[in-house]
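K.L.:
Below is the file final-v1.cif, which contains mmCIF, C-alpha atoms.
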```cif
data_protein
loop_
_atom_site.label_atom_id
_atom_site.label_comp_id
_atom_site.auth_asym_id
_atom_site.auth_seq_id
_atom_site.Cartn_x
_atom_site.Cartn_y
_atom_site.Cartn_z
CA MET A 19 51.73 5.15 65.97
CA LEU A 20 50.02 2.59 68.13
CA ARG A 21 47.95 5.35 69.59
CA LEU A 22 46.87 6.59 66.18
CA PHE A 23 45.91 3.08 65.18
CA LYS A 24 43.91 2.66 68.34
CA SER A 25 42.16 5.97 67.94
CA LYS A 26 41.27 5.12 64.35
CA TRP A 27 39.51 1.96 65.38
CA PHE A 28 37.91 3.87 68.21
CA ILE A 29 36.42 6.30 65.70
CA VAL A 30 35.28 3.46 63.46
CA SER A 31 33.54 1.68 66.34
CA LEU A 32 31.97 4.91 67.48
CA VAL A 33 30.61 5.66 64.00
CA THR A 34 29.40 2.07 63.73
CA ILE A 35 27.47 2.34 66.99
CA VAL A 36 25.96 5.70 66.02
CA LEU A 37 24.87 4.31 62.65
CA LEU A 38 23.42 1.16 64.20
CA VAL A 39 21.38 3.30 66.59
CA LEU A 40 20.28 5.45 63.64
CA ILE A 41 19.25 2.32 61.72
CA GLY A 42 17.29 1.18 64.78
CA ILE A 43 15.47 4.50 65.08
CA THR A 44 14.73 5.03 61.40
CA ALA A 45 13.81 1.43 60.60
CA ASN A 46 10.56 2.05 62.40
CA ARG A 47 8.36 3.57 59.71
CA SER A 48 6.43 5.74 62.11
CA SER A 49 9.58 7.52 63.32
CA ARG A 50 9.67 11.24 62.67
CA MET A 51 13.24 11.59 61.47
CA THR A 52 12.24 13.29 58.25
CA TRP A 53 14.20 16.46 59.03
CA LEU A 54 17.33 14.37 58.57
CA ARG A 55 16.26 13.30 55.10
CA ASN A 56 15.02 16.79 54.26
CA MET A 57 18.51 18.23 54.70
CA LEU A 58 19.54 16.43 51.54
CA ASN A 59 16.29 15.86 49.69
CA VAL A 60 14.96 19.42 49.67
CA PRO A 61 18.02 21.05 48.06
CA LEU A 62 18.54 18.17 45.61
CA LYS A 63 14.94 18.09 44.39
CA PRO A 64 15.14 20.81 41.69
CA VAL A 65 18.49 19.56 40.40
CA GLN A 66 17.28 15.99 40.13
CA GLY A 67 14.15 17.14 38.35
CA LEU A 68 16.27 19.04 35.86
CA PHE A 69 18.69 16.16 35.28
CA THR A 70 15.91 13.63 34.80
CA SER A 71 14.04 15.75 32.27
CA ALA A 72 17.28 16.49 30.43
CA GLY A 73 18.05 12.77 30.29
CA ARG A 74 14.61 12.06 28.88
CA LYS A 75 15.02 14.71 26.19
CA VAL A 76 18.31 13.19 25.07
CA GLU A 77 16.86 9.70 25.08
CA ASP A 78 13.84 10.84 23.08
CA LEU A 79 16.08 12.52 20.55
CA LEU A 80 18.16 9.37 20.07
CA ALA A 81 15.05 7.26 19.90
CA TYR A 82 13.69 9.55 17.20
CA PHE A 83 16.27 8.47 14.64
CA HIS A 84 16.13 4.89 15.71
CA ASP A 85 12.39 4.67 15.50
CA ILE A 86 11.62 5.89 11.99
CA ASP A 87 11.70 2.47 10.33
CA ALA A 88 9.86 0.82 13.15
CA LEU A 89 7.26 3.55 13.03
CA ARG A 90 6.57 3.03 9.35
CA GLU A 91 5.76 -0.63 9.92
CA GLU A 92 3.82 0.17 13.02
CA ASN A 93 1.82 2.73 11.10
CA GLU A 94 0.59 0.07 8.66
CA ALA A 95 -0.41 -2.24 11.45
CA LEU A 96 -2.09 0.55 13.36
CA ARG A 97 -4.18 1.61 10.38
CA ALA A 98 -5.58 -1.89 10.14
CA GLU A 99 -6.18 -1.98 13.85
CA LEU A 100 -7.86 1.40 13.78
CA GLU A 101 -10.55 0.13 11.44
CA GLU A 102 -11.24 -2.78 13.72
CA LEU A 103 -11.28 -0.53 16.76
CA ARG A 104 -13.69 1.92 15.14
CA ARG A 105 -16.11 -0.89 14.68
CA GLN A 106 -15.64 -2.06 18.27
CA ASN A 107 -15.90 1.47 19.53
CA ARG A 108 -19.40 1.82 18.16
CA GLU A 109 -20.38 -1.29 20.03
CA TYR A 110 -18.76 -0.04 23.20
CA ALA A 111 -20.46 3.34 22.95
CA ASP A 112 -23.77 1.55 22.98
CA LEU A 113 -22.72 -0.58 25.91
CA LYS A 114 -21.37 2.40 27.79
CA ALA A 115 -24.58 4.32 27.46
CA GLN A 116 -26.38 1.30 28.75
CA ASN A 117 -23.90 0.88 31.57
CA ASP A 118 -24.10 4.53 32.64
CA GLU A 119 -27.81 4.25 32.84
CA LEU A 120 -27.60 1.14 34.98
CA ARG A 121 -24.97 2.69 37.24
CA ARG A 122 -27.12 5.70 37.86
CA ALA A 123 -29.98 3.43 38.59
CA LEU A 124 -27.98 1.57 41.16
CA SER A 125 -26.29 4.81 42.35
CA LEU A 126 -22.96 3.05 42.43
CA LYS A 127 -20.12 4.87 44.03
CA THR A 128 -17.47 6.16 41.63
CA GLU A 129 -14.21 4.30 41.71
CA PHE A 130 -12.12 6.42 44.01
CA ALA A 131 -14.77 8.49 45.75
CA ASP A 132 -12.92 8.40 49.08
CA TYR A 133 -9.74 9.76 47.55
CA THR A 134 -8.43 13.00 46.18
CA ILE A 135 -5.90 12.65 43.40
CA ALA A 136 -2.49 14.35 43.36
CA GLY A 137 -0.28 14.38 40.26
CA ALA A 138 3.45 13.82 40.70
CA ASN A 139 6.53 13.79 38.47
CA ILE A 140 9.31 11.26 38.79
CA ILE A 141 12.56 13.08 39.53
CA ALA A 142 15.03 10.32 40.46
CA VAL A 143 15.48 6.57 40.58
CA GLU A 144 17.05 4.49 43.34
CA PRO A 145 20.75 4.10 42.57
CA GLY A 146 21.34 0.37 43.06
CA ASN A 147 20.38 -2.55 40.90
CA TRP A 148 18.23 -4.30 43.49
CA PHE A 149 15.09 -2.34 44.10
CA SER A 150 12.59 -0.53 42.02
CA VAL A 151 11.94 2.60 44.00
CA PHE A 152 11.67 6.08 42.59
CA LYS A 153 11.39 9.60 43.92
CA VAL A 154 8.59 12.00 43.04
CA ASP A 155 8.29 15.75 43.53
CA VAL A 156 5.46 15.84 46.07
CA GLY A 157 5.75 15.19 49.80
CA LEU A 158 4.35 15.78 53.26
CA ASP A 159 3.60 19.40 52.40
CA ASP A 160 1.27 18.22 49.65
CA GLY A 161 -0.51 15.90 52.04
CA ILE A 162 1.28 12.75 50.91
CA ARG A 163 1.71 10.05 53.56
CA ALA A 164 3.25 6.59 53.58
CA ASP A 165 1.13 3.78 52.11
CA PHE A 166 -0.96 5.96 49.81
CA PRO A 167 -1.67 4.04 46.59
CA VAL A 168 -0.06 5.26 43.37
CA VAL A 169 -1.61 4.80 39.91
CA THR A 170 -0.91 5.87 36.33
CA GLY A 171 -3.04 8.19 34.24
CA SER A 172 -4.82 5.16 32.81
CA ARG A 173 -5.52 3.97 36.36
CA GLY A 174 -3.08 1.07 36.34
CA LEU A 175 -1.51 0.33 39.69
CA VAL A 176 2.03 1.63 40.08
CA GLY A 177 2.66 0.90 43.76
CA ARG A 178 2.53 2.71 47.04
CA VAL A 179 4.25 5.55 48.85
CA LEU A 180 7.12 4.04 50.82
CA ASN A 181 7.96 7.17 52.76
CA ALA A 182 7.35 10.87 52.39
CA ASP A 183 9.62 13.79 53.17
CA LYS A 184 8.87 17.50 53.19
CA SER A 185 8.67 17.96 49.44
CA THR A 186 9.56 14.57 47.95
CA SER A 187 8.47 11.00 48.49
CA ASN A 188 9.67 7.54 47.52
CA ILE A 189 7.38 5.23 45.59
CA GLN A 190 7.78 1.47 45.79
CA THR A 191 6.60 -0.09 42.53
CA ILE A 192 4.76 -3.39 42.31
CA ILE A 193 7.69 -4.87 40.36
CA ASP A 194 10.03 -4.27 43.32
CA GLU A 195 10.99 -7.63 44.78
CA GLU A 196 9.98 -6.49 48.25
CA SER A 197 6.50 -5.58 47.07
CA ALA A 198 3.50 -7.88 47.50
CA VAL A 199 -0.03 -6.80 46.63
CA SER A 200 -3.19 -8.73 47.34
CA GLY A 201 -4.82 -9.25 43.96
CA TRP A 202 -8.16 -10.49 42.70
CA ILE A 203 -8.41 -12.59 39.56
CA ALA A 204 -11.22 -10.66 37.94
CA LYS A 205 -13.51 -13.20 36.29
CA PRO A 206 -16.40 -15.39 37.26
CA GLY A 207 -15.05 -17.95 39.69
CA GLY A 208 -12.00 -15.77 40.36
CA GLY A 209 -10.07 -15.76 43.58
CA HIS A 210 -7.47 -14.04 45.68
CA ALA A 211 -3.79 -14.28 44.85
CA ILE A 212 -0.65 -12.31 45.57
CA VAL A 213 1.08 -10.13 42.98
CA LYS A 214 4.73 -10.09 43.86
CA GLY A 215 7.79 -8.40 42.40
CA ASP A 216 10.56 -10.65 41.18
CA LEU A 217 14.23 -9.96 40.65
CA GLN A 218 14.34 -11.82 37.32
CA LEU A 219 11.16 -10.33 35.88
CA LYS A 220 11.73 -6.78 37.09
CA GLU A 221 14.05 -5.97 34.20
CA GLU A 222 11.23 -6.61 31.73
CA GLY A 223 8.76 -4.72 33.87
CA LEU A 224 6.77 -7.83 34.80
CA CYS A 225 5.71 -9.40 38.08
CA LYS A 226 4.58 -12.73 39.44
CA LEU A 227 1.16 -13.95 40.53
CA ILE A 228 1.59 -16.46 43.32
CA TYR A 229 -0.62 -18.39 45.77
CA ILE A 230 -3.25 -18.94 43.10
CA PRO A 231 -6.13 -20.94 44.63
CA ILE A 232 -6.31 -24.52 43.30
CA GLU A 233 -9.92 -24.15 42.20
CA VAL A 234 -9.26 -21.07 40.08
CA ASP A 235 -8.44 -21.71 36.44
CA VAL A 236 -6.03 -18.94 35.53
CA GLU A 237 -5.64 -18.29 31.83
CA VAL A 238 -3.62 -15.97 29.67
CA GLY A 239 -5.47 -12.67 29.34
CA ASP A 240 -7.09 -12.73 32.77
CA VAL A 241 -7.19 -9.30 34.37
CA ILE A 242 -5.79 -8.93 37.88
CA GLU A 243 -7.20 -6.20 40.09
CA THR A 244 -6.46 -5.12 43.62
CA SER A 245 -8.60 -7.05 46.06
CA GLY A 246 -8.89 -4.38 48.74
CA VAL A 247 -7.61 -6.83 51.33
CA GLY A 248 -4.72 -5.47 53.35
CA GLY A 249 -5.95 -1.93 53.72
CA ILE A 250 -3.43 -0.13 51.51
CA TYR A 251 -5.04 -0.33 48.09
CA PRO A 252 -8.71 0.24 47.42
CA LYS A 253 -10.57 -2.54 45.68
CA GLY A 254 -10.71 -2.69 41.90
CA ILE A 255 -7.58 -0.92 40.64
CA GLU A 256 -6.29 -2.77 37.60
CA ILE A 257 -2.88 -4.31 38.25
CA GLY A 258 -2.30 -6.05 34.95
CA LYS A 259 -2.97 -9.00 32.68
CA VAL A 260 -1.75 -12.59 32.88
CA ILE A 261 0.60 -13.24 29.97
CA GLU A 262 1.85 -16.68 30.91
CA VAL A 263 0.89 -19.44 33.33
CA ARG A 264 3.76 -21.59 34.54
CA LYS A 265 2.78 -24.98 35.87
CA THR A 266 5.22 -26.77 38.07
CA ASN A 267 4.99 -30.32 39.38
CA SER A 268 2.43 -29.60 42.03
CA GLU A 269 -0.76 -27.63 41.53
CA LEU A 270 0.02 -25.61 44.64
CA ASP A 271 3.24 -24.40 43.18
CA ARG A 272 2.01 -22.93 39.92
CA TYR A 273 2.35 -19.24 39.25
CA ALA A 274 1.57 -16.76 36.52
CA ILE A 275 3.48 -13.91 34.94
CA VAL A 276 1.62 -10.62 35.01
CA GLN A 277 2.18 -7.74 32.63
CA PRO A 278 1.30 -4.66 34.68
CA THR A 279 -1.04 -2.10 33.16
CA ALA A 280 1.50 0.55 34.11
CA ASP A 281 4.49 0.66 31.74
CA PHE A 282 7.39 1.06 34.15
CA LYS A 283 9.92 1.83 31.45
CA ARG A 284 7.96 4.80 30.17
CA LEU A 285 6.67 6.14 33.44
CA GLU A 286 7.07 9.90 33.85
CA GLU A 287 4.04 11.07 35.74
CA VAL A 288 2.01 9.24 38.35
CA PHE A 289 -1.07 9.97 40.44
CA ILE A 290 -1.19 9.48 44.18
CA LEU A 291 -4.55 8.67 45.74
CA LYS A 292 -4.80 10.71 48.89
CA SER A 293 -7.06 9.22 51.47
CA GLU A 294 -8.79 11.79 53.64
CA LYS A 295 -9.28 9.40 56.50
CA LYS A 296 -5.62 9.14 57.44
CA MET B 16 42.47 19.49 54.06
CA LYS B 17 40.49 22.37 52.60
CA ARG B 18 40.98 20.98 49.13
CA LYS B 19 39.67 17.60 50.21
CA LEU B 20 36.63 19.25 51.76
CA LEU B 21 35.94 20.82 48.40
CA PHE B 22 36.72 17.85 46.21
CA TYR B 23 35.00 14.93 47.92
CA PRO B 24 31.59 16.48 48.74
CA PHE B 25 31.37 17.86 45.23
CA PHE B 26 32.00 14.48 43.64
CA ILE B 27 29.76 12.59 46.06
CA VAL B 28 26.80 14.87 45.35
CA PHE B 29 27.56 15.01 41.63
CA PHE B 30 27.75 11.21 41.37
CA LEU B 31 24.59 10.82 43.44
CA LEU B 32 22.74 13.11 41.04
CA LEU B 33 24.17 11.37 38.01
CA GLN B 34 23.37 7.94 39.40
CA THR B 35 19.77 8.69 40.28
CA THR B 36 18.91 10.59 37.11
CA LEU B 37 20.91 10.50 33.88
CA LEU B 38 22.60 7.16 34.40
CA GLN B 39 19.21 5.46 34.63
CA HIS B 40 18.83 6.03 30.89
CA ALA B 41 22.04 4.14 30.24
CA ARG B 42 21.04 0.76 31.64
CA ILE B 43 22.69 -2.13 29.85
CA ARG B 44 20.63 -5.29 30.20
CA GLY B 45 18.88 -3.62 33.11
CA VAL B 46 22.04 -2.98 35.07
CA VAL B 47 23.82 0.29 35.88
CA PRO B 48 27.25 0.79 37.43
CA ASN B 49 27.34 2.02 41.00
CA LEU B 50 29.29 5.27 40.83
CA LEU B 51 29.39 5.96 44.55
CA ILE B 52 30.75 2.59 45.63
CA THR B 53 33.29 2.74 42.80
CA LEU B 54 34.38 6.18 44.01
CA THR B 55 34.73 4.75 47.53
CA ILE B 56 36.82 1.79 46.40
CA VAL B 57 39.06 3.79 44.06
CA THR B 58 39.60 6.49 46.71
CA ALA B 59 40.55 3.83 49.23
CA LEU B 60 42.92 2.14 46.79
CA VAL B 61 44.60 5.26 45.46
CA ARG B 62 44.55 7.38 48.59
CA SER B 63 44.09 5.61 51.91
CA SER B 64 41.79 3.53 54.01
CA THR B 65 40.77 6.62 55.98
CA GLU B 66 39.77 8.67 52.97
CA GLY B 67 38.01 5.65 51.47
CA ALA B 68 36.10 5.11 54.71
CA VAL B 69 35.02 8.75 54.92
CA VAL B 70 33.92 8.83 51.26
CA GLY B 71 32.10 5.50 51.73
CA LEU B 72 30.40 6.73 54.87
CA PHE B 73 29.11 9.97 53.37
CA SER B 74 28.12 8.60 49.99
CA GLY B 75 26.29 5.77 51.78
CA LEU B 76 24.59 8.32 54.02
CA CYS B 77 23.42 10.28 50.97
CA VAL B 78 21.86 7.14 49.47
CA ASP B 79 20.25 6.34 52.83
CA LEU B 80 18.79 9.81 53.16
CA GLN B 81 17.45 9.77 49.63
CA PHE B 82 16.15 6.25 49.32
CA GLY B 83 16.98 4.05 52.28
CA ALA B 84 14.29 2.54 54.45
CA ALA B 85 16.63 2.80 57.43
CA VAL B 86 19.19 5.62 57.60
CA GLY B 87 22.67 4.23 58.25
CA PHE B 88 22.62 0.93 56.37
CA TYR B 89 24.49 1.98 53.24
CA ALA B 90 26.61 4.42 55.27
CA LEU B 91 27.86 1.56 57.43
CA LEU B 92 28.51 -0.70 54.46
CA GLY B 93 30.24 2.10 52.56
CA MET B 94 32.53 2.87 55.48
CA TYR B 95 33.61 -0.75 55.88
CA THR B 96 34.08 -1.14 52.12
CA GLY B 97 36.40 1.87 52.23
CA ILE B 98 38.36 0.45 55.15
CA ALA B 99 38.61 -2.99 53.54
CA ALA B 100 39.63 -1.66 50.12
CA GLY B 101 42.17 0.65 51.73
CA SER B 102 43.77 -2.15 53.68
CA VAL B 103 45.20 -3.66 50.50
CA SER B 104 46.34 -0.33 49.09
CA ARG B 105 49.53 -0.33 51.14
CA LYS B 106 50.48 -3.75 49.90
CA ILE B 107 49.98 -3.22 46.20
CA TYR B 108 51.60 -1.17 43.51
CA ARG B 109 48.80 1.31 43.16
CA GLU B 110 50.02 3.46 40.29
CA ASN B 111 48.62 0.94 37.84
CA PHE B 112 45.06 1.15 36.60
CA LEU B 113 44.82 -2.61 36.05
CA VAL B 114 45.46 -3.25 39.72
CA VAL B 115 42.80 -0.69 40.62
CA ALA B 116 40.33 -2.20 38.15
CA PHE B 117 40.96 -5.69 39.52
CA PHE B 118 40.37 -4.70 43.13
CA THR B 119 37.34 -2.61 42.15
CA PHE B 120 35.88 -5.76 40.63
CA ILE B 121 36.59 -7.86 43.74
CA TYR B 122 35.22 -5.31 46.20
CA SER B 123 32.15 -4.55 44.07
CA VAL B 124 31.30 -8.25 44.07
CA VAL B 125 31.77 -8.49 47.82
CA TYR B 126 29.81 -5.29 48.50
CA GLU B 127 26.81 -6.18 46.32
CA SER B 128 26.75 -9.75 47.64
CA VAL B 129 26.56 -8.42 51.19
CA VAL B 130 23.77 -6.01 50.19
CA PHE B 131 21.87 -8.88 48.57
CA VAL B 132 22.29 -11.29 51.45
CA ILE B 133 21.30 -8.75 54.12
CA ASN B 134 18.27 -7.60 52.16
CA ASN B 135 17.06 -11.10 51.42
CA ILE B 136 17.93 -12.88 54.65
CA MET B 137 14.43 -12.16 55.97
CA SER B 138 12.33 -12.81 52.90
CA GLY B 139 14.00 -16.17 52.26
CA GLU B 140 14.51 -15.35 48.61
CA THR B 141 17.32 -17.68 47.63
CA ASP B 142 17.87 -17.02 43.96
CA PHE B 143 21.45 -16.06 44.55
CA ALA B 144 22.69 -17.69 41.34
CA PHE B 145 20.61 -15.37 39.16
CA ALA B 146 21.44 -12.32 41.24
CA PHE B 147 25.11 -13.17 41.14
CA THR B 148 25.49 -13.84 37.43
CA ARG B 149 23.08 -11.29 36.01
CA ILE B 150 23.38 -8.40 38.42
CA ILE B 151 26.39 -8.58 40.71
CA LEU B 152 28.95 -9.67 38.10
CA ALA B 153 27.55 -7.31 35.47
CA GLU B 154 27.63 -4.39 37.87
CA ALA B 155 31.16 -5.27 39.00
CA ILE B 156 32.35 -5.22 35.38
CA PHE B 157 30.73 -1.82 34.82
CA ASN B 158 32.31 -0.56 38.03
CA CYS B 159 35.65 -1.77 36.70
CA VAL B 160 35.23 0.42 33.62
CA VAL B 161 34.24 3.38 35.78
CA SER B 162 37.24 2.79 38.04
CA VAL B 163 39.61 3.04 35.08
CA LEU B 164 38.09 6.47 34.34
CA LEU B 165 38.17 7.52 37.99
CA PHE B 166 41.72 6.38 38.58
CA PRO B 167 43.56 9.27 36.86
CA LEU B 168 41.12 11.74 38.42
CA LEU B 169 41.98 10.57 41.93
CA VAL B 170 45.70 10.37 41.24
CA LYS B 171 45.57 14.00 40.05
CA ALA B 172 43.39 14.98 43.00
CA GLY B 173 45.87 13.27 45.31
CA LYS B 174 48.72 15.34 43.91
CA TRP B 175 46.61 18.46 44.31
CA PHE B 176 45.89 17.63 47.99
CA ASP B 177 49.52 16.82 48.70
CA SER B 178 50.85 19.93 47.02
CA SER B 179 48.80 22.07 49.41
CA ALA B 180 50.17 20.10 52.36
CA VAL B 181 53.73 20.65 51.15
CA ALA B 182 53.09 24.34 50.54
CA ARG B 183 51.95 24.79 54.09
CA LYS B 184 54.96 23.02 55.51
CA TYR B 185 57.41 25.55 54.10
#
```
Can the structure from this file be put into structure tokens for me?
P.N.:
Amino acid sequence: MLRLFKSKWFIVSLVTIVLLVLIGITANRSSRMTWLRNMLNVPLKPVQGLFTSAGRKVEDLLAYFHDIDALREENEALRAELEELRRQNREYADLKAQNDELRRALSLKTEFADYTIAGANIIAVEPGNWFSVFKVDVGLDDGIRADFPVVTGSRGLVGRVLNADKSTSNIQTIIDEESAVSGWIAKPGGGHAIVKGDLQLKEEGLCKLIYIPIEVDVEVGDVIETSGVGGIYPKGIEIGKVIEVRKTNSELDRYAIVQPTADFKRLEEVFILKSEKK
Amino acid sequence: MKRKLLFYPFFIVFFLLLQTTLLQHARIRGVVPNLLITLTIVTALVRSSTEGAVVGLFSGLCVDLQFGAAVGFYALLGMYTGIAAGSVSRKIYRENFLVVAFFTFIYSVVYESVVFVINNIMSGETDFAFAFTRIILAEAIFNCVVSVLLFPLLVKAGKWFDSSAVARKY
């Protein structure tokens, strides 16, 4: 009996040591242990894709009944808004034509000229309640590497590739508490600040803007873009809009709440910007 | 043994799939139950420390392989959760779902607190009060509910395992 007890603890210590070594090896992002992950991720990929799309179908169906009343009201509001937008649109069309002409004149580079764009579908979400990481159906085989920026169809920043396996990769969103993106407050007299995920705000799909320079006057409605500092994200991707500025006792301590352009609750498809240089 | 080798891997993979896909649509106030850690705790309580540890180890490993930054972190935590939860199973009257639900709650709180502390020890994020009330406690309550559903399953599975052991003996 004593022997059995001893051997049990021997096994436990042995497993502990093996796992600690494994943690040590894999914690280094550049390690090439992807075969280990592939053993599980490759066979699970199609099943997860199927489950996720089935879940969405069910949710959509339930939402359908729930939404009818809301939709009626929304329809009224939207009709009114449409009129207003039509008017604005005419103005914008003029401005756009003007802008295009000026761009050509200056031969400005297009936004993501250094990147090729790869579409990806979300197939699974990290199981715990702490992080905001999800899995998509493209991986190393599709040329995806860690740290590639991820955007939505409307070019709002989603996050970055955390790690890539053979045919899947994990995306860390900007609302993840471990995520910090160097942002630029896009207005005259703007400045650099950090867009950080926050545990409390994550649930609502929001994030925090911290380290706002004292001289910058942040207001509700200000657009935050990536600053290009840090080397992961190219300059000028829209992160979101300021929806609230919270002032604390000291000026240094103030922060703002940012509503990301990407709607994390309704995200199904994302685009990964593949950099050819890497 | 053969029956265990069929039963546990099936449920680990099935719960992993459920957790990462369909269950995400069932968030209540942004929180989902953690099926795999509940399975680990209930297995340890109803069966034994050893079975709990093995289930914890492999379900943790699956999460690590799918999402973990470092492979081994959740596996290690899962194994120790199984051992810890199993250590009380000999001392309690385990054929009662309320006992199982109670210990599931306690161990879920301990497990998630450890996850939070380890993950935030570096970043210096100290909002433990919010994390505890809004996420850890909520998740522990959900896990409780799941444990009540898992309890009869594991009791039945236990009888199934044992019946094969008896059959072989004679």
K.L.:
Given all atoms listed in the file, how would the per-residue table for chain B near chain A read, listing every residue at most 7 Å away with its closest atom pair and distance in Å to one decimal, sorted by chain and number, as JSON lines?
P.N.:
```
{"residue": "B:Leu32", "atom": "CA", "partner": "A:Gln66", "partner_atom": "CA", "distance": 6.2}
{"residue": "B:Gln34", "atom": "CA", "partner": "A:Pro145", "partner_atom": "CA", "distance": 5.6}
{"residue": "B:Thr35", "atom": "CA", "partner": "A:Val143", "partner_atom": "CA", "distance": 4.8}
{"residue": "B:Thr36", "atom": "CA", "partner": "A:Thr70", "partner_atom": "CA", "distance": 4.9}
{"residue": "B:Leu37", "atom": "CA", "partner": "A:Gly73", "partner_atom": "CA", "distance": 5.1}
{"residue": "B:His40", "atom": "CA", "partner": "A:Gly73", "partner_atom": "CA", "distance": 6.8}
{"residue": "B:Gly45", "atom": "CA", "partner": "A:Glu221", "partner_atom": "CA", "distance": 5.5}
{"residue": "B:Val46", "atom": "CA", "partner": "A:Asn147", "partner_atom": "CA", "distance": 6.1}
{"residue": "B:Val47", "atom": "CA", "partner": "A:Asn147", "partner_atom": "CA", "distance": 6.7}
{"residue": "B:Asn49", "atom": "CA", "partner": "A:Gly146", "partner_atom": "CA", "distance": 6.6}
{"residue": "B:Leu80", "atom": "CA", "partner": "A:Arg55", "partner_atom": "CA", "distance": 4.7}
{"residue": "B:Gln81", "atom": "CA", "partner": "A:Asn59", "partner_atom": "CA", "distance": 6.2}
{"residue": "B:Phe82", "atom": "CA", "partner": "A:Glu144", "partner_atom": "CA", "distance": 6.3}
{"residue": "B:Ala84", "atom": "CA", "partner": "A:Ala45", "partner_atom": "CA", "distance": 6.3}
{"residue": "B:Ala85", "atom": "CA", "partner": "A:Ala45", "partner_atom": "CA", "distance": 4.5}
{"residue": "B:Val86", "atom": "CA", "partner": "A:Ile41", "partner_atom": "CA", "distance": 5.3}
{"residue": "B:Gly87", "atom": "CA", "partner": "A:Leu37", "partner_atom": "CA", "distance": 4.9}
{"residue": "B:Phe88", "atom": "CA", "partner": "A:Ile41", "partner_atom": "CA", "distance": 6.5}
{"residue": "B:Leu91", "atom": "CA", "partner": "A:Thr34", "partner_atom": "CA", "distance": 6.5}
```
K.L.:
For the atom pair atom CA of Pro167 of chain B and atom CA of Val125 of chain B, what is the interatomic distance in Å to one decimal place?
P.N.:
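Straight-line distance from atom CA of Pro167 of chain B to atom CA of Val125 of chain B works out to 24.0 Å.
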K.L.:
So which residues touch Leu224 of chain A within 9 Å, counting only C-alpha atoms, skipping near sequence neighbours fewer than 4 positions away, as a PyMOL selection string?
P.N.:
chain A and resi 192-193+215-216+218-220+275-278+282
K.L.:
For Gly97 of chain B, work out the shell of residues within 9 Å, counting only C-alpha atoms and skipping chain neighbours fewer than 5 positions away, then give it as a ChimeraX atom specification.
P.N.:
/B:52,55-60,63-72,92,102
K.L.:
Counting all atoms listed in the file, which of A:Ser25, A:Asn93, A:Thr244, A:Ser293 gets nearest to Ile135 of chain A?
P.N.:
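With all atoms listed in the file as the atom set, the closest residue is A:Ser293.
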K.L.:
Applied to the shown file, which residues does the PyMOL selection byres ((chain A and resi 237-243) around 12) return, written as a ChimeraX atom specification?
P.N.:
/A:173-175,199-213,225-228,230,234-236,244-247,251-265,273-279
K.L.:
What's the separation between atom CA of Leu285 of chain A and atom CA of Val28 of chain B, in Å to one decimal place?
P.N.:
25.0 Å
K.L.:
Rounded to one decimal, what separation in Å do you get between atom CA of Met94 of chain B and atom CA of Phe112 of chain B?
P.N.:
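Value for the atom CA of Met94 of chain B-atom CA of Phe112 of chain B distance: 22.7 Å.
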K.L.:
Taking all atoms listed in the file into account, which of B:Phe26, B:Tyr95, B:Phe143, B:Tyr89 comes nearest Tyr122 of chain B?
P.N.:
B:Tyr95
K.L.:
For the PyMOL selection byres ((chain B and resi 170) around 12), applied here, can you spell out every residue it catches as a PDB file with C-alpha atoms, keeping the file's coordinate frame?
P.N.:
```
ATOM      1  CA  VAL B  57      39.060   3.790  44.060  1.00  0.00           C
ATOM      2  CA  THR B  58      39.600   6.490  46.710  1.00  0.00           C
ATOM      3  CA  ALA B  59      40.550   3.830  49.230  1.00  0.00           C
ATOM      4  CA  LEU B  60      42.920   2.140  46.790  1.00  0.00           C
ATOM      5  CA  VAL B  61      44.600   5.260  45.460  1.00  0.00           C
ATOM      6  CA  ARG B  62      44.550   7.380  48.590  1.00  0.00           C
ATOM      7  CA  SER B  63      44.090   5.610  51.910  1.00  0.00           C
ATOM      8  CA  ARG B 109      48.800   1.310  43.160  1.00  0.00           C
ATOM      9  CA  GLU B 110      50.020   3.460  40.290  1.00  0.00           C
ATOM     10  CA  ASN B 111      48.620   0.940  37.840  1.00  0.00           C
ATOM     11  CA  PHE B 112      45.060   1.150  36.600  1.00  0.00           C
ATOM     12  CA  VAL B 115      42.800  -0.690  40.620  1.00  0.00           C
ATOM     13  CA  SER B 162      37.240   2.790  38.040  1.00  0.00           C
ATOM     14  CA  VAL B 163      39.610   3.040  35.080  1.00  0.00           C
ATOM     15  CA  LEU B 164      38.090   6.470  34.340  1.00  0.00           C
ATOM     16  CA  LEU B 165      38.170   7.520  37.990  1.00  0.00           C
ATOM     17  CA  PHE B 166      41.720   6.380  38.580  1.00  0.00           C
ATOM     18  CA  PRO B 167      43.560   9.270  36.860  1.00  0.00           C
ATOM     19  CA  LEU B 168      41.120  11.740  38.420  1.00  0.00           C
ATOM     20  CA  LEU B 169      41.980  10.570  41.930  1.00  0.00           C
ATOM     21  CA  LYS B 171      45.570  14.000  40.050  1.00  0.00           C
ATOM     22  CA  ALA B 172      43.390  14.980  43.000  1.00  0.00           C
ATOM     23  CA  GLY B 173      45.870  13.270  45.310  1.00  0.00           C
ATOM     24  CA  LYS B 174      48.720  15.340  43.910  1.00  0.00           C
ATOM     25  CA  TRP B 175      46.610  18.460  44.310  1.00  0.00           C
ATOM     26  CA  PHE B 176      45.890  17.630  47.990  1.00  0.00           C
ATOM     27  CA  ASP B 177      49.520  16.820  48.700  1.00  0.00           C
TER      28      ASP B 177
END
```
K.L.:
For the structure provided, state which residues fall under the PyMOL selection byres ((chain B and resi 150) around 9), and present them as a PyMOL selection string.
P.N.:
(chain A and resi 147-148) or (chain B and resi 45-46+127+145-149+151-155)
